[in-house]
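Okay, my_file-v8.pdb now, which holds PDB, C-alpha atoms:
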```pdb
ATOM      1  CA  MET N 466     178.418 107.931 157.510
ATOM      2  CA  GLU N 467     177.947 109.462 154.082
ATOM      3  CA  ASP N 468     177.728 113.235 153.723
ATOM      4  CA  HIS N 469     174.134 113.202 152.518
ATOM      5  CA  GLU N 470     173.136 111.165 155.589
ATOM      6  CA  ILE N 471     174.905 113.620 157.876
ATOM      7  CA  LEU N 472     173.138 116.523 156.204
ATOM      8  CA  ALA N 473     169.731 114.852 156.419
ATOM      9  CA  LYS N 474     170.184 114.158 160.132
ATOM     10  CA  PHE N 475     171.465 117.677 160.693
ATOM     11  CA  HIS N 476     168.319 119.201 159.237
ATOM     12  CA  ALA N 477     166.193 117.293 161.747
ATOM     13  CA  PRO N 478     166.340 119.115 165.092
ATOM     14  CA  ALA N 479     166.171 115.901 167.103
ATOM     15  CA  SER N 480     169.285 114.477 165.470
ATOM     16  CA  ARG N 481     171.171 117.683 164.733
ATOM     17  CA  ASN N 482     173.728 117.397 167.514
ATOM     18  CA  LEU N 483     174.423 113.757 166.752
ATOM     19  CA  ALA N 484     174.873 114.510 163.052
ATOM     20  CA  PHE N 485     177.247 117.350 163.751
ATOM     21  CA  ASN N 486     179.255 115.244 166.157
ATOM     22  CA  GLN N 487     179.684 112.680 163.398
ATOM     23  CA  LEU N 488     180.657 115.392 160.923
ATOM     24  CA  VAL N 489     183.349 116.659 163.275
ATOM     25  CA  ARG N 490     184.718 113.160 163.841
ATOM     26  CA  LYS N 491     184.791 112.554 160.111
ATOM     27  CA  TYR N 492     186.667 115.706 159.120
ATOM     28  CA  GLN N 493     188.496 116.921 162.202
ATOM     29  CA  GLN N 494     191.894 115.492 161.295
ATOM     30  CA  LYS N 495     191.861 116.794 157.756
ATOM     31  CA  VAL N 496     190.805 120.246 158.920
ATOM     32  CA  TYR N 497     193.338 120.266 161.749
ATOM     33  CA  TRP N 498     196.279 119.324 159.539
ATOM     34  CA  HIS N 499     195.276 121.692 156.783
ATOM     35  CA  VAL N 500     195.281 124.487 159.344
ATOM     36  CA  ARG N 501     198.334 123.252 161.228
ATOM     37  CA  LYS N 502     200.505 123.219 158.117
ATOM     38  CA  MET N 503     199.686 126.886 157.622
ATOM     39  CA  VAL N 504     200.060 128.191 161.168
ATOM     40  CA  ILE N 505     202.638 125.624 162.403
ATOM     41  CA  ASP N 506     201.792 126.101 166.091
ATOM     42  CA  HIS N 507     199.462 123.475 167.637
ATOM     43  CA  ALA N 508     197.672 125.947 169.947
ATOM     44  CA  ASP N 509     196.856 128.254 167.048
ATOM     45  CA  ALA N 510     195.766 125.304 164.942
ATOM     46  CA  ASP N 511     193.535 124.108 167.787
ATOM     47  CA  ASP N 512     191.818 127.506 168.075
ATOM     48  CA  LEU N 513     191.348 127.795 164.346
ATOM     49  CA  THR N 514     190.041 124.247 163.976
ATOM     50  CA  GLN N 515     187.389 124.951 166.577
ATOM     51  CA  ASP N 516     186.518 128.244 164.885
ATOM     52  CA  VAL N 517     186.135 126.400 161.580
ATOM     53  CA  PHE N 518     183.678 123.882 162.983
ATOM     54  CA  VAL N 519     181.707 126.550 164.838
ATOM     55  CA  LYS N 520     181.304 128.339 161.495
ATOM     56  CA  VAL N 521     180.311 125.066 159.866
ATOM     57  CA  TRP N 522     177.630 124.606 162.531
ATOM     58  CA  LYS N 523     176.272 128.104 162.009
ATOM     59  CA  ASN N 524     176.150 127.858 158.234
ATOM     60  CA  LEU N 525     175.446 124.191 157.525
ATOM     61  CA  GLU N 526     171.709 124.853 157.485
ATOM     62  CA  ASN N 527     172.261 127.076 154.463
ATOM     63  CA  PHE N 528     174.729 124.792 152.677
ATOM     64  CA  ARG N 529     173.337 124.534 149.177
ATOM     65  CA  GLN N 530     175.117 121.261 148.281
ATOM     66  CA  ASP N 531     176.369 122.758 145.031
ATOM     67  CA  ALA N 532     179.815 121.560 146.118
ATOM     68  CA  GLN N 533     180.985 118.595 148.098
ATOM     69  CA  LEU N 534     180.616 119.001 151.835
ATOM     70  CA  PHE N 535     184.317 118.505 152.421
ATOM     71  CA  THR N 536     185.237 121.086 149.806
ATOM     72  CA  TRP N 537     182.939 123.565 151.506
ATOM     73  CA  ILE N 538     184.484 122.831 154.918
ATOM     74  CA  TYR N 539     187.975 123.117 153.449
ATOM     75  CA  ARG N 540     187.061 126.511 152.006
ATOM     76  CA  ILE N 541     186.009 127.748 155.451
ATOM     77  CA  ALA N 542     189.236 126.396 156.941
ATOM     78  CA  THR N 543     191.290 128.060 154.197
ATOM     79  CA  ASN N 544     189.660 131.423 154.765
ATOM     80  CA  GLU N 545     190.138 131.158 158.509
ATOM     81  CA  CYS N 546     193.858 130.436 158.052
ATOM     82  CA  LEU N 547     194.438 133.279 155.642
ATOM     83  CA  SER N 548     192.467 135.703 157.828
ATOM     84  CA  PHE N 549     194.411 134.608 160.878
ATOM     85  CA  LEU N 550     197.784 135.157 159.212
ATOM     86  CA  GLN N 551     196.678 138.486 157.775
ATOM     87  CA  SER N 552     195.374 139.763 161.078
ATOM     88  CA  LYS N 553     198.590 138.652 162.774
ATOM     89  CA  ARG N 554     200.547 140.897 160.430
ATOM     90  CA  ARG N 555     198.142 143.817 160.714
ATOM     91  CA  ARG N 556     197.804 143.610 164.488
ATOM     92  CA  PHE N 557     201.482 143.887 165.210
ATOM     93  CA  PHE N 558     202.340 146.011 162.199
ATOM     94  CA  LEU N 559     204.998 143.491 161.257
ATOM     95  CA  PRO N 560     206.349 143.273 157.757
ATOM     96  CA  LEU N 561     205.850 139.990 155.972
ATOM     97  CA  ASN N 562     209.165 138.386 156.831
ATOM     98  CA  ASP N 563     208.821 138.957 160.596
ATOM     99  CA  VAL N 564     205.675 136.851 160.794
ATOM    100  CA  GLY N 565     207.523 134.364 158.623
ATOM    101  CA  ALA N 566     210.412 134.416 161.094
ATOM    102  CA  GLU N 567     208.006 133.720 163.930
ATOM    103  CA  LEU N 568     206.569 130.745 162.066
ATOM    104  CA  ALA N 569     210.085 129.553 161.193
ATOM    105  CA  ALA N 570     211.078 129.649 164.849
ATOM    106  CA  LYS N 571     208.078 127.490 165.739
ATOM    107  CA  LEU N 572     208.948 125.150 162.903
ATOM    108  CA  GLU N 573     212.513 124.713 164.108
ATOM    109  CA  ALA N 574     211.216 123.871 167.559
ATOM    110  CA  ASP N 575     209.013 121.097 166.158
ATOM    111  CA  PRO N 576     210.557 117.730 167.092
ATOM    112  CA  ALA N 577     209.428 116.023 163.875
ATOM    113  CA  VAL N 578     211.400 118.490 161.792
ATOM    114  CA  ALA N 579     214.241 119.633 163.999
ATOM    115  CA  GLY N 580     216.211 116.395 163.794
ATOM    116  CA  ASN N 581     216.064 116.090 159.993
ATOM    117  CA  GLU N 582     218.233 118.630 158.211
ATOM    118  CA  ILE N 583     216.872 118.290 154.699
ATOM    119  CA  GLU N 584     213.290 118.238 155.982
ATOM    120  CA  LEU N 585     213.944 121.378 157.996
ATOM    121  CA  LYS N 586     215.306 123.115 154.909
ATOM    122  CA  LEU N 587     212.296 122.008 152.903
ATOM    123  CA  GLN N 588     209.859 123.289 155.556
ATOM    124  CA  ARG N 589     211.755 126.571 155.795
ATOM    125  CA  ALA N 590     211.508 126.927 152.024
ATOM    126  CA  ILE N 591     207.754 126.299 152.097
ATOM    127  CA  LEU N 592     207.327 128.872 154.863
ATOM    128  CA  ARG N 593     208.999 131.511 152.726
ATOM    129  CA  LEU N 594     206.237 131.289 150.118
ATOM    130  CA  PRO N 595     203.412 133.870 150.148
ATOM    131  CA  ASP N 596     200.478 132.584 152.179
ATOM    132  CA  LYS N 597     198.192 131.750 149.300
ATOM    133  CA  GLN N 598     200.953 130.102 147.293
ATOM    134  CA  ARG N 599     201.951 128.108 150.357
ATOM    135  CA  LEU N 600     198.354 127.021 150.737
ATOM    136  CA  VAL N 601     198.246 125.795 147.122
ATOM    137  CA  PHE N 602     201.533 123.991 147.583
ATOM    138  CA  ASN N 603     200.321 122.227 150.732
ATOM    139  CA  LEU N 604     197.040 121.172 149.131
ATOM    140  CA  ARG N 605     198.816 119.714 146.115
ATOM    141  CA  TYR N 606     202.012 118.332 147.606
ATOM    142  CA  TYR N 607     200.761 117.010 150.940
ATOM    143  CA  ASP N 608     197.025 116.483 150.440
ATOM    144  CA  GLU N 609     197.344 115.498 146.749
ATOM    145  CA  MET N 610     194.156 117.408 146.086
ATOM    146  CA  PRO N 611     193.010 117.466 142.431
ATOM    147  CA  TYR N 612     193.272 120.901 140.873
ATOM    148  CA  GLU N 613     189.529 120.950 140.135
ATOM    149  CA  GLN N 614     188.712 120.503 143.810
ATOM    150  CA  MET N 615     191.407 122.988 144.761
ATOM    151  CA  ALA N 616     189.729 125.521 142.454
ATOM    152  CA  GLU N 617     186.514 125.158 144.472
ATOM    153  CA  VAL N 618     188.379 125.493 147.756
ATOM    154  CA  THR N 619     190.401 128.556 146.779
ATOM    155  CA  GLY N 620     188.108 130.212 144.275
ATOM    156  CA  THR N 621     190.985 130.295 141.777
ATOM    157  CA  SER N 622     191.076 128.868 138.270
ATOM    158  CA  VAL N 623     192.749 125.521 137.575
ATOM    159  CA  GLY N 624     195.287 127.167 135.280
ATOM    160  CA  ALA N 625     196.276 129.735 137.872
ATOM    161  CA  LEU N 626     196.610 127.008 140.487
ATOM    162  CA  LYS N 627     198.876 124.912 138.276
ATOM    163  CA  ALA N 628     201.066 127.928 137.578
ATOM    164  CA  SER N 629     201.142 128.810 141.268
ATOM    165  CA  TYR N 630     202.185 125.297 142.247
ATOM    166  CA  HIS N 631     204.851 125.163 139.549
ATOM    167  CA  HIS N 632     206.395 128.447 140.728
ATOM    168  CA  ALA N 633     206.210 127.360 144.353
ATOM    169  CA  ALA N 634     207.983 124.097 143.575
ATOM    170  CA  ARG N 635     210.762 125.894 141.684
ATOM    171  CA  LYS N 636     211.290 128.411 144.495
ATOM    172  CA  ILE N 637     211.503 125.601 147.034
ATOM    173  CA  GLU N 638     214.004 123.659 144.961
ATOM    174  CA  GLU N 639     216.204 126.733 144.484
ATOM    175  CA  TYR N 640     216.125 127.558 148.155
ATOM    176  CA  VAL N 641     216.970 124.024 149.334
ATOM    177  CA  THR N 642     219.706 123.690 146.704
ATOM    178  CA  LYS N 643     221.330 126.919 147.878
ATOM    179  CA  ALA N 644     220.798 125.933 151.513
ATOM    180  CA  ASP N 645     222.699 122.700 150.837
ATOM    181  CA  ASN N 646     225.664 124.699 149.658
ATOM    182  CA  PRO N 647     228.352 124.848 152.391
ATOM    183  CA  GLY N 648     228.878 128.375 153.685
ATOM    184  CA  TRP N 649     225.365 129.445 152.752
ATOM    185  CA  SER N 650     223.266 131.159 155.436
ATOM    186  CA  ALA N 651     219.460 131.210 155.807
ATOM    187  CA  GLY N 652     219.063 134.803 154.628
ATOM    188  CA  GLU N 653     220.957 134.452 151.382
ATOM    189  CA  ALA N 654     218.188 132.969 149.267
ATOM    190  CA  ASP N 655     216.368 136.318 148.908
TER     191      ASP N 655
ATOM    192  CA  MET T 135     229.256 120.357 142.645
ATOM    193  CA  GLN T 136     226.107 120.271 144.720
ATOM    194  CA  MET T 137     223.274 118.230 143.266
ATOM    195  CA  PRO T 138     220.210 120.406 142.840
ATOM    196  CA  PHE T 139     217.361 119.540 145.099
ATOM    197  CA  ARG T 140     214.396 117.990 143.252
ATOM    198  CA  LEU T 141     211.076 118.019 144.985
ATOM    199  CA  ASP T 142     209.731 115.040 143.090
ATOM    200  CA  GLU T 143     212.812 113.023 144.117
ATOM    201  CA  HIS T 144     212.474 113.927 147.767
ATOM    202  CA  PRO T 145     210.549 111.281 149.759
ATOM    203  CA  ARG T 146     207.357 112.892 150.904
ATOM    204  CA  ARG T 147     206.749 112.437 154.628
ATOM    205  CA  GLY T 148     203.067 111.775 154.262
ATOM    206  CA  PRO T 149     200.381 114.434 154.651
ATOM    207  CA  GLN T 150     201.606 115.527 158.118
ATOM    208  CA  PRO T 151     205.185 116.773 158.113
ATOM    209  CA  LEU T 152     204.940 118.229 161.618
ATOM    210  CA  SER T 153     204.731 116.543 164.995
ATOM    211  CA  GLY T 154     201.306 115.331 166.060
ATOM    212  CA  PRO T 155     198.975 117.004 168.568
ATOM    213  CA  PRO T 156     198.898 115.893 172.230
ATOM    214  CA  ALA T 157     197.646 112.380 172.995
ATOM    215  CA  GLY T 158     193.851 112.112 173.009
ATOM    216  CA  TYR T 159     193.414 115.386 171.193
ATOM    217  CA  PHE T 160     191.136 114.076 168.465
ATOM    218  CA  GLU T 161     189.104 112.056 170.986
ATOM    219  CA  GLN T 162     188.355 115.197 172.981
ATOM    220  CA  LEU T 163     188.019 117.743 170.176
ATOM    221  CA  PRO T 164     184.439 116.835 169.157
ATOM    222  CA  THR T 165     183.269 117.226 172.761
ATOM    223  CA  ARG T 166     184.918 120.617 173.040
ATOM    224  CA  ILE T 167     183.388 121.782 169.800
ATOM    225  CA  MET T 168     179.924 120.481 170.744
ATOM    226  CA  ALA T 169     180.169 122.379 174.016
ATOM    227  CA  GLN T 170     180.559 125.566 171.999
ATOM    228  CA  VAL T 171     177.829 124.985 169.471
ATOM    229  CA  ALA T 172     175.235 123.137 171.561
ATOM    230  CA  ALA T 173     175.030 125.705 174.379
ATOM    231  CA  PRO T 174     173.580 128.529 172.287
ATOM    232  CA  ALA T 175     171.064 126.071 170.799
ATOM    233  CA  ARG T 176     169.309 125.801 174.196
ATOM    234  CA  ARG T 177     168.074 129.378 173.734
ATOM    235  CA  PRO T 178     166.699 129.294 170.226
ATOM    236  CA  GLY T 179     165.170 132.775 170.418
ATOM    237  CA  LEU T 180     168.428 134.505 171.211
ATOM    238  CA  ALA T 181     170.417 132.327 168.826
ATOM    239  CA  GLY T 182     168.056 133.223 166.033
ATOM    240  CA  LEU T 183     168.413 136.883 166.896
ATOM    241  CA  TRP T 184     172.202 136.730 166.691
ATOM    242  CA  GLN T 185     171.993 135.097 163.313
ATOM    243  CA  ALA T 186     169.668 137.785 161.964
ATOM    244  CA  PRO T 187     171.073 140.317 159.522
ATOM    245  CA  ALA T 188     172.756 143.369 161.023
ATOM    246  CA  TYR T 189     170.110 145.777 159.754
ATOM    247  CA  LEU T 190     167.369 143.728 161.414
ATOM    248  CA  ARG T 191     169.198 143.595 164.718
ATOM    249  CA  THR T 192     169.780 147.355 164.589
ATOM    250  CA  GLY T 193     166.118 147.966 163.837
ATOM    251  CA  LEU T 194     164.958 145.723 166.671
ATOM    252  CA  ALA T 195     167.342 147.346 169.141
ATOM    253  CA  SER T 196     166.211 150.831 168.096
ATOM    254  CA  THR T 197     162.548 149.868 168.366
ATOM    255  CA  LEU T 198     163.127 148.420 171.814
ATOM    256  CA  LEU T 199     164.927 151.555 173.000
ATOM    257  CA  LEU T 200     162.283 153.899 171.595
ATOM    258  CA  GLY T 201     159.521 151.754 173.016
ATOM    259  CA  THR T 202     161.101 151.796 176.453
ATOM    260  CA  PHE T 203     161.471 155.572 176.240
ATOM    261  CA  ALA T 204     157.882 156.007 175.126
ATOM    262  CA  VAL T 205     156.556 153.815 177.927
ATOM    263  CA  SER T 206     158.587 155.664 180.535
ATOM    264  CA  LEU T 207     157.314 158.980 179.167
ATOM    265  CA  TRP T 208     153.727 157.750 179.254
ATOM    266  CA  LEU T 209     154.057 156.416 182.775
ATOM    267  CA  GLY T 210     155.774 159.599 183.878
ATOM    268  CA  GLY T 211     153.094 161.710 182.198
ATOM    269  CA  ALA T 212     150.364 159.795 183.967
ATOM    270  CA  THR T 213     151.686 160.897 187.352
ATOM    271  CA  LEU T 214     151.897 164.600 186.470
ATOM    272  CA  ALA T 215     148.211 165.289 186.795
ATOM    273  CA  PRO T 216     147.080 163.303 189.776
ATOM    274  CA  SER T 217     144.620 165.978 190.856
ATOM    275  CA  THR T 218     142.532 165.751 187.725
ATOM    276  CA  ALA T 219     141.766 162.032 187.847
ATOM    277  CA  PRO T 220     140.418 161.851 191.382
ATOM    278  CA  THR T 221     138.364 164.994 190.968
ATOM    279  CA  ALA T 222     136.972 163.822 187.650
ATOM    280  CA  SER T 223     135.742 160.618 189.268
ATOM    281  CA  LEU T 224     134.235 162.560 192.140
ATOM    282  CA  ASP T 225     132.318 164.929 189.893
ATOM    283  CA  GLY T 226     129.353 162.640 189.746
ATOM    284  CA  VAL T 227     129.012 162.313 193.526
ATOM    285  CA  PRO T 228     126.733 164.837 195.247
ATOM    286  CA  SER T 229     128.626 167.242 197.508
ATOM    287  CA  ALA T 230     126.467 166.563 200.515
ATOM    288  CA  GLN T 231     127.158 162.851 200.190
ATOM    289  CA  LEU T 232     130.860 163.553 199.963
ATOM    290  CA  VAL T 233     130.851 165.687 203.059
ATOM    291  CA  GLU T 234     128.750 163.184 204.962
ATOM    292  CA  TYR T 235     131.184 160.409 204.019
ATOM    293  CA  LEU T 236     134.281 162.379 204.796
ATOM    294  CA  THR T 237     133.036 163.538 208.180
ATOM    295  CA  SER T 238     131.629 160.184 209.169
ATOM    296  CA  GLY T 239     133.390 158.336 211.916
ATOM    297  CA  GLU T 240     134.812 155.732 209.517
ATOM    298  CA  THR T 241     137.185 158.112 207.740
ATOM    299  CA  HIS T 242     138.190 160.020 210.893
ATOM    300  CA  VAL T 243     138.101 163.248 208.919
ATOM    301  CA  ASP T 244     136.506 166.322 210.400
ATOM    302  CA  MET T 245     135.781 169.783 209.171
ATOM    303  CA  LEU T 246     139.195 171.039 210.209
ATOM    304  CA  ASP T 247     140.948 168.362 208.169
ATOM    305  CA  LEU T 248     138.947 169.408 205.172
ATOM    306  CA  ALA T 249     139.785 173.005 205.853
ATOM    307  CA  GLU T 250     143.489 172.192 205.815
ATOM    308  CA  LEU T 251     143.452 170.916 202.277
ATOM    309  CA  PRO T 252     146.363 172.295 200.212
ATOM    310  CA  ALA T 253     145.788 175.489 198.312
ATOM    311  CA  HIS T 254     145.323 173.821 194.922
ATOM    312  CA  HIS T 255     142.483 171.768 196.395
ATOM    313  CA  LEU T 256     140.883 174.865 197.917
ATOM    314  CA  GLY T 257     138.366 174.933 195.164
ATOM    315  CA  LEU T 258     137.038 171.604 196.428
ATOM    316  CA  THR T 259     136.851 172.875 199.964
ATOM    317  CA  LYS T 260     134.879 175.875 198.901
ATOM    318  CA  GLN T 261     132.653 173.795 196.687
ATOM    319  CA  TYR T 262     131.187 171.630 199.407
ATOM    320  CA  LEU T 263     131.971 173.361 202.659
ATOM    321  CA  GLN T 264     131.085 176.897 201.642
ATOM    322  CA  PRO T 265     132.959 178.307 204.638
ATOM    323  CA  SER T 266     134.157 181.839 204.752
ATOM    324  CA  ALA T 267     137.875 182.618 205.095
ATOM    325  CA  THR T 268     137.196 184.032 208.570
ATOM    326  CA  GLU T 269     135.421 180.891 209.723
ATOM    327  CA  LEU T 270     138.283 178.735 208.496
ATOM    328  CA  SER T 271     140.976 180.813 210.173
ATOM    329  CA  ALA T 272     139.054 180.898 213.433
ATOM    330  CA  ALA T 273     138.589 177.155 213.365
ATOM    331  CA  LEU T 274     142.273 176.587 212.743
ATOM    332  CA  ASP T 275     143.421 179.030 215.402
ATOM    333  CA  ALA T 276     141.243 177.332 217.974
ATOM    334  CA  GLN T 277     143.162 174.119 217.673
ATOM    335  CA  PRO T 278     145.932 173.467 220.236
ATOM    336  CA  ALA T 279     149.416 173.170 218.831
ATOM    337  CA  GLU T 280     150.535 169.578 219.329
ATOM    338  CA  GLU T 281     154.042 170.621 220.014
ATOM    339  CA  ALA T 282     153.347 173.733 222.089
ATOM    340  CA  GLY T 283     156.303 172.901 224.290
ATOM    341  CA  LEU T 284     158.624 173.454 221.339
ATOM    342  CA  LEU T 285     157.393 176.933 220.530
TER     343      LEU T 285
END
```
Since I need it in another form, could you write the structure as structure tokens?
Amino acid sequence: MEDHEILAKFHAPASRNLAFNQLVRKYQQKVYWHVRKMVIDHADADDLTQDVFVKVWKNLENFRQDAQLFTWIYRIATNECLSFLQSKRRRFFLPLNDVGAELAAKLEADPAVAGNEIELKLQRAILRLPDKQRLVFNLRYYDEMPYEQMAEVTGTSVGALKASYHHAARKIEEYVTKADNPGWSAGEAD
Amino acid sequence: MQMPFRLDEHPRRGPQPLSGPPAGYFEQLPTRIMAQVAAPARRPGLAGLWQAPAYLRTGLASTLLLGTFAVSLWLGGATLAPSTAPTASLDGVPSAQLVEYLTSGETHVDMLDLAELPAHHLGLTKQYLQPSATELSAALDAQPAEEAGLL
């Protein structure tokens, strides 16, 4: 179902629940994976995905359609992820790298990554990026999102996004290159 | 010499580099989400209230509290002067008619009962009985104590 049809049905009380159900089915996987790549853990991603759609439900009535529906949903998901990671750090008074270490531990336990050495190094490198830069990297590298759409999702200019992605890519390449060097240990790339 | 790692030469593992969620997760997720959003919709009044701006909710809560306090004060104030209301409504009834009614067999009230009215109703007693203090005391003293055996 097209977005404008979903929105029209949502605005009619009799078909609101049906419309929202269809919206969830249409975007749930994209939202889930966007969130999952940021928080790594499935349980956290599950909670956040639900939170995202609850917020969508509460605010869809006021959606002004000045952006694409999916971009708007992605923006909510992005903010939820960043807030979650920020609150995790604040709550436990952990410095940046300790939360990163926690995410890295979850990453290394992931069966899809654990058995592939180069992939594990790549994922570790991505995790080392600052949250917002990691977000930009994921959107570009994995979701292949156009920079113009990314600008709407993140509220950042296209130029800044391109620069951010370029720096992220270079950092990742340096880290993986060093990690491939025999005798190198995980903490040396700082 | 180690070859430098090039991101654009590394085969991308699709949009999901991590392991998938549990089986059936995406089939069940919409139902779980609908359970969260549809439940509050059954009570549109409360849902609307929660979505109201904070200042409006604060104002409504304050108004409700003050209103409750005012009502309780008013109700409490109404019970503080019980003696005025009954007497005000009796003002228009002739005294003789009052006495006749009160001492009639239906009410089972006699002169002595009227004489034993509390002190703050003494004005009423005097108004329609016109007894003297001596007559009242004598009438009371003449009555047997119901619990004489306890004296």
Quiz prompt | Check: which chain T residues lie within 10 Å of chain N using only C-alpha atoms, as a PyMOL selection string | solution = chain T and resi 135-142+144-156+159-161+163-168+170-172+175+181+185
Exercise. For the file shown, report as a ChimeraX atom specification the outcome of the PyMOL selection byres ((chain N and resi 532) around 12) at residue level.
Key: /N:468-469,528-531,533-540,613-618
Exercise. Specify as a PyMOL selection string each residue included when the PyMOL selection byres ((chain N and resi 633) around 8) is applied to this file.
Key: chain N and resi 591+594+598-599+602+629-632+634-637
Exercise. May I ask for the distance between CA of Trp208 in chain T and CA of Tyr189 in chain T, given in Å to one decimal place?
Key: 28.1 Å
Exercise. Please indicate the distance in Å from CA of Gly624 in chain N to CA of Leu513 in chain N, rounded to one decimal place.
Key: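 Rounded to one decimal, the two atoms are 29.3 Å apart.
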Quiz prompt | Atomic distance CA of Met610 in chain N - CA of Leu568 in chain N, expressed in Å with one decimal | solution =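 Straight-line distance from CA of Met610 in chain N to CA of Leu568 in chain N works out to 24.2 Å.
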Quick one: range 487-500 of chain N with N, CA and C atoms, as a CSV table (one decimal), keeping the file's coordinate frame?
```
chain,number,residue,atom,x,y,z
N,487,GLN,N,179.1,113.6,164.4
N,487,GLN,CA,179.7,112.7,163.4
N,487,GLN,C,180.4,113.4,162.3
N,488,LEU,N,180.0,114.6,161.9
N,488,LEU,CA,180.7,115.4,160.9
N,488,LEU,C,182.0,115.8,161.4
N,489,VAL,N,182.1,116.2,162.7
N,489,VAL,CA,183.3,116.7,163.3
N,489,VAL,C,184.3,115.5,163.3
N,490,ARG,N,183.8,114.3,163.8
N,490,ARG,CA,184.7,113.2,163.8
N,490,ARG,C,185.2,112.7,162.5
N,491,LYS,N,184.4,113.0,161.5
N,491,LYS,CA,184.8,112.6,160.1
N,491,LYS,C,185.9,113.5,159.5
N,492,TYR,N,185.8,114.8,159.8
N,492,TYR,CA,186.7,115.7,159.1
N,492,TYR,C,187.7,116.4,160.0
N,493,GLN,N,187.7,116.1,161.3
N,493,GLN,CA,188.5,116.9,162.2
N,493,GLN,C,190.0,116.8,161.9
N,494,GLN,N,190.5,115.6,161.5
N,494,GLN,CA,191.9,115.5,161.3
N,494,GLN,C,192.3,116.2,160.0
N,495,LYS,N,191.5,116.1,159.0
N,495,LYS,CA,191.9,116.8,157.8
N,495,LYS,C,191.9,118.3,158.0
N,496,VAL,N,190.9,118.8,158.7
N,496,VAL,CA,190.8,120.2,158.9
N,496,VAL,C,192.0,120.7,159.8
N,497,TYR,N,192.2,119.9,160.8
N,497,TYR,CA,193.3,120.3,161.7
N,497,TYR,C,194.7,120.3,161.0
N,498,TRP,N,195.0,119.3,160.2
N,498,TRP,CA,196.3,119.3,159.5
N,498,TRP,C,196.4,120.4,158.4
N,499,HIS,N,195.3,120.6,157.8
N,499,HIS,CA,195.3,121.7,156.8
N,499,HIS,C,195.6,123.0,157.4
N,500,VAL,N,195.0,123.3,158.6
N,500,VAL,CA,195.3,124.5,159.3
N,500,VAL,C,196.7,124.5,160.0
```
